[in-house]
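Participant: I am attaching a structure below and will ask some questions about it afterwards.
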Amino acid sequence: MIPGAVIFAAFLLIGPFGIRHAVETLVLFGFMGCALAVALVSNRSSYQQSTALLFVLAALFYESLQSITSWLNIELSKVPILGEGEALHFGPHLFFTLNVGLAVVGLAAAVIVATHLEVRNSRFPLTKLFPEIKFATAPTELVDSVVQIAGTAGIATPHVSLIDSGEPTALMTRSRRGLELAVSVGLVESLSLDELEACIAHEISHLKNGDFAVRTFATSARVALFAHPLSHLVEPALYRAREFLADRTAVRLVGGRGPLISALTKIRESQVYVTSQQVSVATACLFHPASKSRFVRLFDKHPSLDARINALKELNLND
């Protein structure tokens, strides 16, 4: 029999759970604990960190599916309470029913969200997705840089547009034309060519690393696991890890970290950031300043520019 204190602590950490056998529960908690430990200690390896965080979300997904499967395999009226018989459910009849209900609602909502994320943008042009932004034809030099970096990355070249704005920003999104990279006039004018290409490489890296799929899964998982407190911490941590990974990949694409460090330093000094509305629907090279509170920073999806610059300075180029 699992001690009540352990069950209570697990509930506070991951919310309702409904795995049938105690051994399965302990094994799952053990794997999740190891994955969280890897995520916490692998600060310098954004790839290992994001992989560990993805495993945690997958484990939580598995646990939720187990709740539904258990409900399908047994009659609710015969659900044994903790410690009775071979089957083991953490809590009485009402708690188990609530757990199954939360799992079903969450998974249904996740399907809707995932479908929305994958389909919505592909139906509209950029001007409809961002009605507050004016877009123009990108200059040939900018397009040539994108083509070159995409070729180095070994991916298809996205469509390129120019944002008619003095704010130094860049974003990658999907639209009716397919993948779209938009770069602002402010970014083109405020950075040198090497620095601009480093920012472009950061955006291209999101495509190379498959971040659209990773983020869709992470967002869908958070919706599906809305009753699990841990999911609300893992999703933003995964987003931050993918940003560090994109920086690391960009360094390899442009052949050095100097240009990206210089670009981010200039952007930090200018204290100009993209709006929250832009960040919520696209991957951007520029992000919000870090929250003042450490607790609030746990929910930030974008690392601070200082954190990114420091990570680049500490990057071991031989790895």
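A note on labels: chains of the structure tokens are A, B, ... as shown, every chain counts residues from 1, and ligands are counted from 1 in their shown order.
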Do a neighbour search on A:Arg257 at 8 Å with only C-alpha atoms, toss out local chain neighbours closer than 6 positions, and write the hits as a list in words.
Facilitator: Val251, Leu312 and Lys313 of chain A
Participant: Could you please write out, as JSON, numbers by chain, every residue of stretch 82-289 of chain A that DSSP assigns to alpha helix (DSSP H)?
Facilitator: {"A": [93, 94, 95, 96, 97, 98, 99, 100, 101, 102, 103, 104, 105, 106, 107, 108, 109, 110, 111, 112, 113, 114, 115, 116, 117, 118, 119, 126, 127, 128, 129, 140, 141, 142, 143, 144, 145, 146, 147, 148, 149, 150, 151, 152, 153, 185, 186, 187, 188, 189, 190, 193, 194, 195, 196, 197, 198, 199, 200, 201, 202, 203, 204, 205, 206, 207, 208, 211, 212, 213, 214, 215, 216, 217, 218, 219, 220, 221, 222, 223, 224, 231, 232, 233, 234, 235, 236, 237, 238, 239, 240, 241, 242, 243, 244, 245, 246, 247, 248, 249, 250, 251, 252, 253, 254, 258, 259, 260, 261, 262, 263, 264, 265, 266, 267, 268, 269, 270, 276, 277, 278, 279, 280, 281]}
Participant: Report as an MDAnalysis selection string: the residues of stretch 24-228 of chain A with a DSSP assignment of strand (DSSP E), based on the backbone of this structure.
Facilitator: chainID A and resid 135:137 159:163 170:175 178:184
Participant: Please provide the set of residues having any atom within 8 Å of stretch 158-170 of chain A, restricted to only C-alpha atoms, with same-chain residues fewer than 3 positions apart removed, written as a PyMOL selection string.
Facilitator: chain A and resi 133-139+143+146+177-188+190+199-200+203+267+272-274+284-286
